[in-house]
Structures are given as structure tokens and as C-alpha cells.
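Engineer: See query.cif below, with mmCIF, C-alpha atoms and all ligand atoms.
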data_target
loop_
_atom_site.label_atom_id
_atom_site.label_comp_id
_atom_site.auth_asym_id
_atom_site.auth_seq_id
_atom_site.Cartn_x
_atom_site.Cartn_y
_atom_site.Cartn_z
CA GLU K 1 0.00 0.00 0.00
CA ALA K 2 1.43 3.32 -1.09
CA ARG K 3 -1.31 5.21 0.68
CA PRO K 4 -0.65 6.57 4.16
CA ARG K 5 -2.26 4.52 6.89
CA VAL K 6 -4.81 6.29 9.08
CA LEU K 7 -6.54 5.14 12.28
CA SER K 8 -9.49 6.75 13.96
CA GLY K 9 -12.08 5.64 16.48
CA ILE K 10 -15.47 6.71 17.74
CA GLN K 11 -17.18 5.78 21.00
CA PRO K 12 -20.50 3.95 21.07
CA THR K 13 -21.84 6.06 23.90
CA ALA K 14 -25.16 7.14 22.38
CA ASP K 15 -28.02 5.51 20.49
CA SER K 16 -27.39 7.86 17.61
CA PHE K 17 -24.56 9.99 16.34
CA HIS K 18 -25.36 13.69 16.19
CA LEU K 19 -24.76 16.10 13.37
CA GLY K 20 -21.54 17.33 15.02
CA ASN K 21 -20.13 13.80 15.02
CA TYR K 22 -21.05 13.42 11.39
CA LEU K 23 -19.73 16.76 10.13
CA GLY K 24 -16.74 16.80 12.47
CA ALA K 25 -15.61 13.19 12.09
CA VAL K 26 -17.60 10.62 10.15
CA ARG K 27 -17.82 12.63 6.95
CA ASN K 28 -14.04 12.98 6.89
CA TRP K 29 -13.67 9.24 7.36
CA VAL K 30 -15.79 8.68 4.29
CA THR K 31 -13.46 10.96 2.33
CA MET K 32 -10.31 9.42 3.80
CA GLN K 33 -11.16 5.94 2.62
CA GLU K 34 -10.34 7.24 -0.89
CA THR K 35 -6.99 8.77 0.02
CA HIS K 36 -5.72 6.59 2.87
CA ASP K 37 -5.31 3.01 3.90
CA ALA K 38 -7.98 3.60 6.49
CA PHE K 39 -8.74 1.74 9.73
CA PHE K 40 -11.78 2.88 11.69
CA CYS K 41 -12.97 1.41 14.92
CA VAL K 42 -15.94 1.57 17.22
CA VAL K 43 -14.12 1.85 20.53
CA ASP K 44 -16.33 -0.09 22.89
CA LEU K 45 -13.48 -0.68 25.37
CA HIS K 46 -13.21 3.08 25.78
CA ALA K 47 -16.95 3.31 26.32
CA LEU K 48 -16.60 1.01 29.36
CA THR K 49 -14.93 3.88 31.22
CA VAL K 50 -18.33 5.47 31.77
CA GLY K 51 -19.85 2.28 33.21
CA PRO K 52 -22.61 1.70 30.66
CA ASP K 53 -25.42 -0.80 30.94
CA PRO K 54 -24.22 -4.03 29.23
CA ALA K 55 -27.17 -4.53 26.89
CA GLN K 56 -27.11 -0.87 26.00
CA LEU K 57 -23.40 -0.88 25.26
CA ARG K 58 -23.79 -3.90 23.00
CA ALA K 59 -26.73 -2.33 21.14
CA ARG K 60 -24.94 0.99 20.78
CA THR K 61 -21.84 -0.67 19.40
CA ARG K 62 -23.92 -2.32 16.68
CA ALA K 63 -25.92 0.82 16.00
CA SER K 64 -22.71 2.82 15.69
CA ALA K 65 -21.27 0.40 13.16
CA ALA K 66 -24.57 0.40 11.25
CA GLN K 67 -24.58 4.20 11.12
CA LEU K 68 -20.99 4.29 9.90
CA PHE K 69 -21.75 1.87 7.07
CA ALA K 70 -24.94 3.81 6.35
CA ALA K 71 -23.02 7.08 6.22
CA GLY K 72 -20.81 5.70 3.48
CA LEU K 73 -17.96 3.70 4.98
CA ASP K 74 -17.43 0.88 2.54
CA PRO K 75 -16.00 -2.41 3.80
CA GLU K 76 -14.28 -2.78 0.42
CA ARG K 77 -12.50 0.53 0.78
CA CYS K 78 -11.68 0.71 4.48
CA THR K 79 -11.37 -1.51 7.51
CA LEU K 80 -14.19 -0.90 9.98
CA PHE K 81 -14.15 -3.02 13.11
CA VAL K 82 -15.11 -3.18 16.76
CA GLN K 83 -12.23 -2.59 19.18
CA SER K 84 -13.08 -5.44 21.57
CA HIS K 85 -13.10 -7.94 18.69
CA VAL K 86 -9.36 -7.38 18.42
CA PRO K 87 -7.75 -8.48 21.72
CA GLU K 88 -4.40 -6.96 20.78
CA HIS K 89 -5.70 -3.51 21.79
CA ALA K 90 -5.93 -4.43 25.45
CA GLN K 91 -2.73 -6.47 25.25
CA LEU K 92 -0.58 -3.71 23.82
CA ALA K 93 -2.21 -1.20 26.17
CA TRP K 94 -0.78 -3.14 29.11
CA VAL K 95 2.72 -3.00 27.69
CA LEU K 96 2.35 0.74 27.09
CA ASN K 97 0.90 1.24 30.58
CA CYS K 98 4.21 -0.03 31.88
CA LEU K 99 6.01 2.65 29.88
CA THR K 100 3.78 5.53 30.91
CA GLY K 101 4.65 7.70 33.88
CA PHE K 102 1.98 8.03 36.54
CA GLY K 103 2.49 11.80 36.54
CA GLU K 104 2.51 11.86 32.77
CA ALA K 105 -0.93 10.23 32.64
CA GLY K 106 -2.13 12.50 35.43
CA ARG K 107 -1.38 15.57 33.32
CA MET K 108 -3.99 14.68 30.70
CA THR K 109 -6.49 17.50 30.86
CA GLN K 110 -9.37 15.32 29.61
CA PHE K 111 -8.80 12.98 32.53
CA LYS K 112 -8.78 15.88 34.94
CA ASP K 113 -12.01 17.30 33.45
CA LYS K 114 -13.83 13.99 33.27
CA SER K 115 -12.79 12.79 36.71
CA LEU K 116 -13.90 16.11 38.18
CA LYS K 117 -17.27 15.61 36.52
CA GLN K 118 -17.58 11.99 37.64
CA GLY K 119 -16.39 12.67 41.16
CA ALA K 120 -13.24 11.20 42.74
CA ASP K 121 -14.98 8.15 44.21
CA ARG K 122 -16.49 7.17 40.85
CA THR K 123 -13.34 7.73 38.78
CA THR K 124 -11.74 4.47 37.67
CA VAL K 125 -8.22 3.46 36.75
CA GLY K 126 -9.73 2.73 33.32
CA LEU K 127 -10.49 6.39 32.81
CA PHE K 128 -6.97 7.23 33.98
CA THR K 129 -5.26 4.93 31.45
CA TYR K 130 -7.73 5.62 28.63
CA PRO K 131 -5.16 7.69 26.67
CA VAL K 132 -2.74 4.74 26.85
CA LEU K 133 -5.35 2.44 25.33
CA GLN K 134 -5.81 5.09 22.68
CA ALA K 135 -2.07 4.97 22.00
CA ALA K 136 -2.32 1.20 21.59
CA ASP K 137 -5.24 1.62 19.16
CA ILE K 138 -3.08 3.79 16.96
CA LEU K 139 0.33 2.13 17.26
CA LEU K 140 -1.00 -1.39 16.59
CA TYR K 141 -1.77 -0.36 13.02
CA GLN K 142 1.48 1.53 12.45
CA ALA K 143 -0.70 4.50 11.55
CA ASP K 144 1.06 7.35 9.79
CA ALA K 145 -1.74 9.78 10.51
CA VAL K 146 -4.49 10.31 13.04
CA PRO K 147 -7.26 12.85 12.47
CA VAL K 148 -7.35 15.07 15.53
CA GLY K 149 -9.47 17.85 16.81
CA GLU K 150 -8.14 20.30 19.38
CA ASP K 151 -9.45 18.15 22.26
CA GLN K 152 -7.40 15.13 21.19
CA ARG K 153 -4.06 16.85 20.61
CA GLN K 154 -2.62 16.06 24.02
CA HIS K 155 -3.52 12.39 23.67
CA LEU K 156 -1.84 12.16 20.29
CA GLU K 157 1.25 13.80 21.79
CA LEU K 158 1.29 11.06 24.44
CA THR K 159 0.97 8.43 21.70
CA ARG K 160 3.92 9.94 19.86
CA ASP K 161 5.97 10.09 23.07
CA LEU K 162 5.20 6.46 23.87
CA ALA K 163 6.09 5.33 20.35
CA GLN K 164 9.38 7.17 20.49
CA ARG K 165 10.14 5.94 24.01
CA PHE K 166 9.43 2.34 23.04
CA ASN K 167 11.52 2.63 19.86
CA THR K 168 14.43 4.17 21.76
CA THR K 169 14.30 1.64 24.57
CA TYR K 170 13.65 -1.56 22.64
CA GLY K 171 14.51 -0.82 19.03
CA ARG K 172 12.42 0.57 16.23
CA THR K 173 8.98 -1.02 16.43
CA PHE K 174 6.28 1.60 15.98
CA THR K 175 5.54 4.24 13.39
CA VAL K 176 5.33 7.62 15.11
CA PRO K 177 1.98 9.00 13.93
CA ALA K 178 1.47 12.57 12.80
CA PRO K 179 -1.69 14.61 13.36
CA HIS K 180 -3.91 14.78 10.31
CA ILE K 181 -5.48 18.19 10.42
CA VAL K 182 -8.70 18.23 8.50
CA ARG K 183 -9.04 21.65 7.00
CA ASP K 184 -12.74 22.08 6.36
CA THR K 185 -14.08 20.36 9.46
CA ALA K 186 -17.15 22.18 10.64
CA LYS K 187 -17.55 22.79 14.36
CA ILE K 188 -21.25 22.45 14.99
CA ALA K 189 -22.82 24.35 17.88
CA ASP K 190 -25.66 23.48 20.21
CA LEU K 191 -28.97 24.70 18.71
CA GLN K 192 -30.14 26.08 22.07
CA ASP K 193 -26.80 27.32 23.33
CA PRO K 194 -24.89 28.31 20.19
CA GLY K 195 -21.86 29.45 22.18
CA ALA K 196 -21.23 25.80 23.10
CA LYS K 197 -20.56 22.82 20.86
CA MET K 198 -23.24 20.30 20.04
CA SER K 199 -22.36 17.43 22.37
CA LYS K 200 -24.10 14.25 23.40
CA SER K 201 -22.93 14.68 26.98
CA ALA K 202 -23.45 18.42 27.41
CA SER K 203 -26.32 19.38 25.10
CA THR K 204 -29.96 19.22 26.10
CA PRO K 205 -32.12 17.14 23.70
CA ASN K 206 -33.33 20.26 21.89
CA GLY K 207 -29.77 21.43 21.33
CA LEU K 208 -28.86 18.26 19.49
CA ILE K 209 -29.71 16.94 16.03
CA GLU K 210 -29.41 13.18 16.05
CA LEU K 211 -28.99 11.30 12.80
CA LEU K 212 -31.53 8.69 13.81
CA GLU K 213 -34.24 10.80 15.41
CA PRO K 214 -37.69 11.20 13.83
CA THR K 215 -37.53 13.82 11.10
CA ASN K 216 -40.52 15.77 12.42
CA ARG K 217 -38.58 16.30 15.63
CA ILE K 218 -35.57 17.52 13.68
CA VAL K 219 -37.78 20.05 11.90
CA LYS K 220 -39.16 21.30 15.22
CA LYS K 221 -35.72 21.62 16.76
CA ILE K 222 -34.35 23.62 13.86
CA LYS K 223 -37.39 25.90 13.85
CA SER K 224 -36.94 26.58 17.55
CA ALA K 225 -33.17 27.01 17.37
CA VAL K 226 -31.92 30.01 19.34
CA THR K 227 -31.08 33.02 17.21
CA ASP K 228 -30.47 36.60 18.21
CA THR K 229 -32.95 39.46 18.15
CA GLY K 230 -31.65 40.97 14.90
CA ARG K 231 -33.17 40.05 11.56
CA GLU K 232 -30.30 39.98 9.14
CA ILE K 233 -28.88 36.68 7.95
CA VAL K 234 -25.15 37.28 8.19
CA TYR K 235 -22.29 35.05 9.17
CA ASP K 236 -20.86 36.46 12.41
CA PRO K 237 -19.93 33.67 14.86
CA GLU K 238 -18.99 36.17 17.59
CA ASN K 239 -22.16 38.21 17.68
CA LYS K 240 -24.64 36.00 15.86
CA ALA K 241 -23.59 32.52 16.89
CA GLY K 242 -27.01 30.93 16.36
CA VAL K 243 -27.55 32.11 12.78
CA SER K 244 -23.92 31.43 11.95
CA ASN K 245 -24.29 27.86 13.18
CA LEU K 246 -27.35 27.34 11.00
CA LEU K 247 -25.40 28.68 8.02
CA THR K 248 -22.47 26.40 8.85
CA ILE K 249 -24.72 23.35 8.88
CA TYR K 250 -26.45 24.47 5.69
CA ALA K 251 -23.15 25.03 3.89
CA ALA K 252 -21.64 21.76 5.11
CA LEU K 253 -24.59 19.66 3.98
CA THR K 254 -25.12 21.31 0.60
CA GLY K 255 -21.57 22.22 -0.41
CA ARG K 256 -22.70 25.81 -0.95
CA THR K 257 -20.44 28.56 0.37
CA ILE K 258 -21.46 30.79 3.26
CA ASP K 259 -21.21 33.79 0.91
CA ASP K 260 -23.54 32.17 -1.55
CA LEU K 261 -26.02 31.44 1.22
CA THR K 262 -25.96 34.91 2.78
CA ALA K 263 -26.46 36.41 -0.70
CA ALA K 264 -29.37 34.06 -1.34
CA TYR K 265 -31.01 34.98 2.00
CA ASP K 266 -30.44 38.72 1.65
CA GLY K 267 -33.69 40.40 2.67
CA LYS K 268 -35.22 37.19 3.98
CA GLY K 269 -35.83 36.29 7.63
CA TYR K 270 -34.65 33.67 10.09
CA GLY K 271 -37.88 31.76 9.53
CA ASP K 272 -37.07 31.28 5.84
CA LEU K 273 -33.57 30.08 6.63
CA LYS K 274 -34.79 27.64 9.28
CA LYS K 275 -37.51 26.24 7.06
CA ASP K 276 -35.10 25.59 4.21
CA LEU K 277 -32.39 24.23 6.47
CA ALA K 278 -34.86 21.83 8.05
CA GLU K 279 -35.59 20.47 4.57
CA VAL K 280 -31.89 20.12 3.83
CA VAL K 281 -31.22 18.25 7.07
CA VAL K 282 -34.21 15.95 6.64
CA ALA K 283 -33.20 15.12 3.06
CA PHE K 284 -29.74 14.34 4.37
CA VAL K 285 -30.72 12.12 7.31
CA GLU K 286 -33.52 10.17 5.60
CA PRO K 287 -31.33 7.90 3.46
CA ILE K 288 -28.91 7.40 6.37
CA GLN K 289 -31.83 6.36 8.58
CA GLN K 290 -33.07 3.97 5.91
CA ARG K 291 -29.69 2.36 5.42
CA THR K 292 -29.04 2.15 9.16
CA ARG K 293 -32.34 0.33 9.58
CA MET K 294 -31.38 -2.02 6.77
CA TYR K 295 -28.15 -2.98 8.59
CA LEU K 296 -29.85 -3.33 11.96
CA ASP K 297 -32.66 -5.43 10.48
CA ASP K 298 -30.12 -7.94 9.17
CA PRO K 299 -27.96 -8.77 12.20
CA ALA K 300 -26.27 -11.69 10.45
CA GLN K 301 -25.05 -9.44 7.64
CA LEU K 302 -23.83 -6.79 10.11
CA ASP K 303 -22.00 -9.46 12.10
CA LYS K 304 -20.41 -10.72 8.92
CA LEU K 305 -19.19 -7.27 7.90
CA LEU K 306 -17.76 -6.68 11.37
CA ALA K 307 -16.11 -10.10 11.39
CA ILE K 308 -14.42 -9.29 8.07
CA GLY K 309 -13.27 -5.93 9.47
CA GLY K 310 -12.03 -7.57 12.65
CA GLU K 311 -10.04 -10.12 10.69
CA LYS K 312 -8.44 -7.49 8.49
CA ALA K 313 -7.57 -5.51 11.61
CA ARG K 314 -6.10 -8.54 13.36
CA SER K 315 -3.93 -9.42 10.40
CA VAL K 316 -2.09 -6.16 11.11
CA SER K 317 -2.44 -5.86 14.88
CA SER K 318 -1.30 -9.42 15.65
CA ARG K 319 1.96 -8.86 13.79
CA THR K 320 2.63 -5.60 15.62
CA LEU K 321 1.81 -7.09 19.00
CA ALA K 322 4.03 -10.13 18.40
CA ARG K 323 6.93 -7.85 17.56
CA ALA K 324 6.32 -5.63 20.59
CA TYR K 325 6.02 -8.62 22.93
CA GLU K 326 9.22 -10.08 21.55
CA ARG K 327 11.03 -6.75 22.00
CA VAL K 328 10.09 -6.38 25.65
CA GLY K 329 10.89 -10.00 26.53
CA LEU K 330 7.44 -11.61 26.59
P1 LIG Z 401 -19.40 14.35 22.05
O1 LIG Z 401 -18.66 15.66 22.19
O2 LIG Z 401 -20.78 14.53 21.55
O3 LIG Z 401 -19.27 13.50 23.29
P2 LIG Z 401 -17.31 12.77 20.97
O4 LIG Z 401 -16.40 13.43 21.91
O5 LIG Z 401 -17.64 11.32 21.16
O6 LIG Z 401 -18.67 13.58 20.88
O7 LIG Z 401 -16.76 13.01 19.52
C1 LIG Z 401 -16.76 12.09 18.48
C2 LIG Z 401 -16.22 12.80 17.26
O8 LIG Z 401 -17.14 13.79 16.83
C3 LIG Z 401 -14.91 13.52 17.51
O9 LIG Z 401 -14.10 13.39 16.35
C4 LIG Z 401 -15.32 14.95 17.70
O10 LIG Z 401 -14.31 15.87 17.34
C5 LIG Z 401 -16.51 15.06 16.78
N1 LIG Z 401 -17.44 16.05 17.27
C6 LIG Z 401 -18.18 15.95 18.41
N2 LIG Z 401 -18.96 17.02 18.57
C7 LIG Z 401 -18.73 17.84 17.53
C8 LIG Z 401 -19.23 19.12 17.12
N3 LIG Z 401 -20.15 19.77 17.84
N4 LIG Z 401 -18.78 19.68 15.97
C9 LIG Z 401 -17.84 19.02 15.23
N5 LIG Z 401 -17.32 17.83 15.56
C10 LIG Z 401 -17.75 17.23 16.69
NA NA Z 402 -16.42 14.62 23.88
#
Would it be possible to restate this file's structure as C-alpha cells?
Ligand code: ADP
Ligand code: NA
Structural biologist:
Amino acid sequence: EARPRVLSGIQPTADSFHLGNYLGAVRNWVTMQETHDAFFCVVDLHALTVGPDPAQLRARTRASAAQLFAAGLDPERCTLFVQSHVPEHAQLAWVLNCLTGFGEAGRMTQFKDKSLKQGADRTTVGLFTYPVLQAADILLYQADAVPVGEDQRQHLELTRDLAQRFNTTYGRTFTVPAPHIVRDTAKIADLQDPGAKMSKSASTPNGLIELLEPTNRIVKKIKSAVTDTGREIVYDPENKAGVSNLLTIYAALTGRTIDDLTAAYDGKGYGDLKKDLAEVVVAFVEPIQQRTRMYLDDPAQLDKLLAIGGEKARSVSSRTLARAYERVGL
């Protein structure tokens, strides 16, 4: 393969992905399968750090995979698999745990934020070593590139440090991955609180557009999205965050430029914009909903696709793990 290898994962922590997940991550994955040797995984081991209900975790893992296929990931053009189907992730994570400083792990700001939110008595060692498992996810595939948003930068730095440390200590074993900055990734804001990002953990239901929710609810949410008291449809994220967010979503889903949109809505009101955007979003989610249902209605086929992905993943990860084990004396 002459193409650079890329690895990215997404957590199965909700019944549905939201529009921010799609426009900020999944859509780029669909593009990257054309340019990269792409490995994508539903990281169910990571999801365990929030102590989910077992049946719910299992269902969400399947629904996540179904949505990813439905959104355009093609098993012929990328490797999509479930993290726990590939035992090498947990195995390499242990080796890397033994290379990671306690203080080093403690400096991860996401850990500090999340453990503060969970409370000290509910915070697990799993949450603490989560970034090390993430490093294993990446290094197992000798990934050249990892798509990263701002919030994941520190974790990728740790991955790079661990790869370099391992290579220096035991001999060259891992590719040191570089961040893959996706240029036109849209940051999608909460519909009710447009100063904040749309987020499954932080947004209220009305602030969130879920790919799998009933389309009449999506229409209602967009129509009741928070805008400011002005009337003009201009792109001004600082002062008109709500309208700007609607324009961002509109542009991202149609491929039209913001300038084109603001020109087209010159003299029109927020109501017109919301009505049209609702149509755009519904037309976008409908086929994804249909295809997701198709995958979920045929569990045997979904299992088969995930088994194929898991096997392709293991053909790479087992070789890397064997080499790493051998290097450290196991
Ligand atoms: P959440 O913030 O809803 O918990 P995750 O942290 O699981 O979502 O993010 C999964 C992926 O979706 C990440 O790549 C993240 O950068 C992307 N993402 C999440 N929310 C948004 C958003 N509002 N806008 C753009 N991308 C987002
Ligand atoms: Na998050």
C-alpha cells in the first residue's frame, strides 16, 4: 500500500450519532477511505470507562457500526471493526501502561475534566489509562496519521511520546503517527446554546440533532433554534452565533459557500432560513436512517461485515503485537 495509513475511532456512547459527530468526524472518514489506507474502529473498550449498561453498550456498538456503514464507509475501501473484537488492543495497552509515567498520565487535561465531573470516588483506573489504550489503538496499526481535533491533541502527543520511548528503549517497532489536520471540518454548535458545541454529553435534547431521530422532531428543533434578536442573515460567529451555526450546517450539507447562502437569503428572515435548512437536514438524514435500519434489520449481515473488518484488523495488529512482545521480553 502506497497510501498513508490512518486510524481513527469513535465511541459507542449514544443511540445515535449527532450532526456534530457526522460533520466533524464521520464525513471525513468517508473521504479518507479514498486517500488513505484507512482503519476505523468503534471503541467499545473506551466506552466502558463510563460504566454503561451491558445490553445498552452492545446495542450501541452495533448501532454505531450500522450508522458508519450507512453514512458511506465501505467495507471494500476501508477496515471498519469493533475494538473489543481485536484483543491486541488491550494487550498492547498493558505494555504501554508499563512505559507511561503516573504523573505523565495525570497531566492529561481530559482525565482531569472527566474525573472532576464523575467525582473522585467514581473515577476508575480505566479512565486514567484511557489515553494509553488510545495509543495502543493507533500504534498497533502503524498509523502514519491520526485525524485530531483540538481536544485530542494532548492524547496524540502522548501516543507519539510512547512510540518514540518504546523505539528508543527496545529498538524501532512503531511508526510515530502525525496529526492529520482536516481543513474544512465544521464545528457544529448546540442549537439552544450556540456558544457551546453540540455534544451528546453536554447538550440538552433540543440542542442536538441526532442522525436517527424522527424527522418531524428535527424540523421542530431547527425551527426553535436560538437566534439573536436581529433580523439579518449574516455570518458572524462572535455576535450572531445561532444564525452562523445554521449557516455552517447548511453550507456543510449542501456544499454551498457561506457567501452564496448569505447572498441568497439577503432580505429574507430567520424563519425562511430555518424552514429551508430543516428540509436540507431531513433530506440528508432520511437515506442514512433507511440504510441504518437495513443494517440493523439484518444482524447476520452486520455481524459478517464486522467479522471481516475484525479479521483485516487482526492481520495487522497481531503482527505488531508479536513484535512488541518479543522486543520487551514476553
Ligand atoms: P461528544 O462531544 O458529543 O461527546 P465525541 O467526543 O464522542 O462527541 O466526539 C466524536 C467525534 O465527533 C470527535 O471526532 C469529535 O471531534 C466530533 N465532534 C463531536 N462534537 C462535535 C461538534 N459539535 N462539531 C464538530 N465535531 C464534533
Ligand atoms: Na467529547
Engineer: Show me a table, sorted first by chain and then by increasing residue number, of the residues of chain K having an atom at most 9 Å from ligand NA 402 (chain Z), each with its shortest atom pair and the distance in Å to one decimal, counting only C-alpha atoms and all ligand atoms and written as a Markdown table.
Structural biologist:
| residue | atom | partner | partner_atom | distance |
| --- | --- | --- | --- | --- |
| K:Asp151 | CA | Z:NA402 | NA | 8.0 |
| K:Ser199 | CA | Z:NA402 | NA | 6.7 |
| K:Lys200 | CA | Z:NA402 | NA | 7.7 |
| K:Ser201 | CA | Z:NA402 | NA | 7.2 |
| K:Ala202 | CA | Z:NA402 | NA | 8.7 |
Engineer: Could you save those same residues with C-alpha atoms as an mmCIF file, in the frame of the given file?
Structural biologist:
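Final file, selection_2.cif:
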data_model
loop_
_atom_site.group_PDB
_atom_site.id
_atom_site.type_symbol
_atom_site.label_atom_id
_atom_site.label_comp_id
_atom_site.auth_asym_id
_atom_site.auth_seq_id
_atom_site.Cartn_x
_atom_site.Cartn_y
_atom_site.Cartn_z
ATOM 1 C CA ASP K 151 -9.450 18.150 22.260
ATOM 2 C CA SER K 199 -22.360 17.430 22.370
ATOM 3 C CA LYS K 200 -24.100 14.250 23.400
ATOM 4 C CA SER K 201 -22.930 14.680 26.980
ATOM 5 C CA ALA K 202 -23.450 18.420 27.410
#
Engineer: Hey, which of K:Lys220, K:Arg319, K:Arg27, K:Arg107 ends up closest to ligand LIG 401 (chain Z)? Count all atoms listed in the file.
Structural biologist: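 Checking each candidate against ligand LIG 401 (chain Z), we get K:Arg27 as the closest.
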Engineer: 6 Å from ligand LIG 401 (chain Z) is the threshold here; counting all atoms listed in the file, which polymer residues fall inside it? Answer as a PyMOL selection string.
Structural biologist: chain K and resi 10-11+20-21+23-25+149+186-189+197-201
Engineer: Can you work out which one of K:Arg58, K:His36, K:Lys240, K:Lys274 has the shortest atom-to-atom distance to Ile218 (chain K), counting only C-alpha atoms?
Structural biologist: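 Among the listed residues, K:Lys274 lies closest to Ile218 (chain K).
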Engineer: Have a look at CA of Val328 (chain K) and CA of Ala90 (chain K) and let me know their distance in Å, one decimal.
Structural biologist: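 Between these atoms lies a distance of 16.1 Å.
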Engineer: With distances taken over all atoms listed in the file, which of K:Asn239, K:Ser16, K:Gln192, K:Thr292 is nearest to Lys223 (chain K)?
Structural biologist: K:Gln192
Engineer: How far is it from CA of Gly51 (chain K) to CA of Val132 (chain K), in Å with one decimal?
Structural biologist: 18.4 Å
Engineer: With all atoms listed in the file as the atoms that count, which of K:Val125, K:Leu212, K:Ala322, K:Val176 lies nearest to Gln67 (chain K)?
Structural biologist: K:Leu212
Engineer: What does the structure give for the distance between CA of Cys78 (chain K) and CA of Ala283 (chain K), in Å to one decimal?
Structural biologist: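 Pair CA of Cys78 (chain K) / CA of Ala283 (chain K) returns 25.9 Å.
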Engineer: Nearest to Gln33 (chain K) among K:Leu80, K:Ala66, K:Val86, K:Ala59, with distances taken over all atoms listed in the file: which residue is it?
Structural biologist: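 Of the candidates, the smallest distance to Gln33 (chain K) is held by K:Leu80.
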Engineer: Restricting the calculation to only C-alpha atoms, which member of K:Leu156, K:Leu246, K:Leu96, K:Val82 is positioned closest to Thr227 (chain K)?
Structural biologist: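 Using only C-alpha atoms, the shortest distance to Thr227 (chain K) belongs to K:Leu246.
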Engineer: Please check which residues have atoms at most 12 Å from (-18.8, -2.3, 0.9) in the file's coordinates, counting only C-alpha atoms, and write them as a list of chain:residue names.
Structural biologist: K:Val30, K:Gln33, K:Leu68, K:Phe69, K:Ala70, K:Ala71, K:Gly72, K:Leu73, K:Asp74, K:Pro75, K:Glu76, K:Arg77, K:Cys78, K:Thr79, K:Leu80, K:Gln301, K:Leu302, K:Lys304, K:Leu305, K:Leu306, K:Ile308, K:Gly309
Engineer: Taking 3 positions as the minimum chain separation for residues in the same chain, which residues sit within 8 Å of His180 (chain K) when counting all atoms listed in the file? Answer as a list in words.
Structural biologist: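 After dropping sequence-adjacent residues, the list is Ala145, Val146, Pro147 and Val148 of chain K.
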Engineer: Ala105 (chain K): which residues within 12 Å, counting all atoms listed in the file, same-chain residues fewer than 4 positions away excluded, as an MDAnalysis selection string?
Structural biologist: chainID K and resid 96:101 109:112 125:133 135 154:155 157:159 161:162
Engineer: Leu57 (chain K): which residues within 10 Å, counting all atoms listed in the file, same-chain residues fewer than 6 positions away excluded, as a ChimeraX atom specification?
Structural biologist: /K:12-15,44-45,47-48,51,63
Engineer: Using only C-alpha atoms, which residues sit within 9 Å of Lys275 (chain K) once same-chain residues fewer than 5 positions away are excluded, as a ChimeraX atom specification?
Structural biologist: /K:219,222-223,270,280
Engineer: Identify, on the basis of only C-alpha atoms, every residue whose closest approach to Leu92 (chain K) does not exceed 8 Å; exclude the query and any residue fewer than 6 positions from it along the same chain; express the result as a PyMOL selection string.
Structural biologist: chain K and resi 133+136+140+321+324
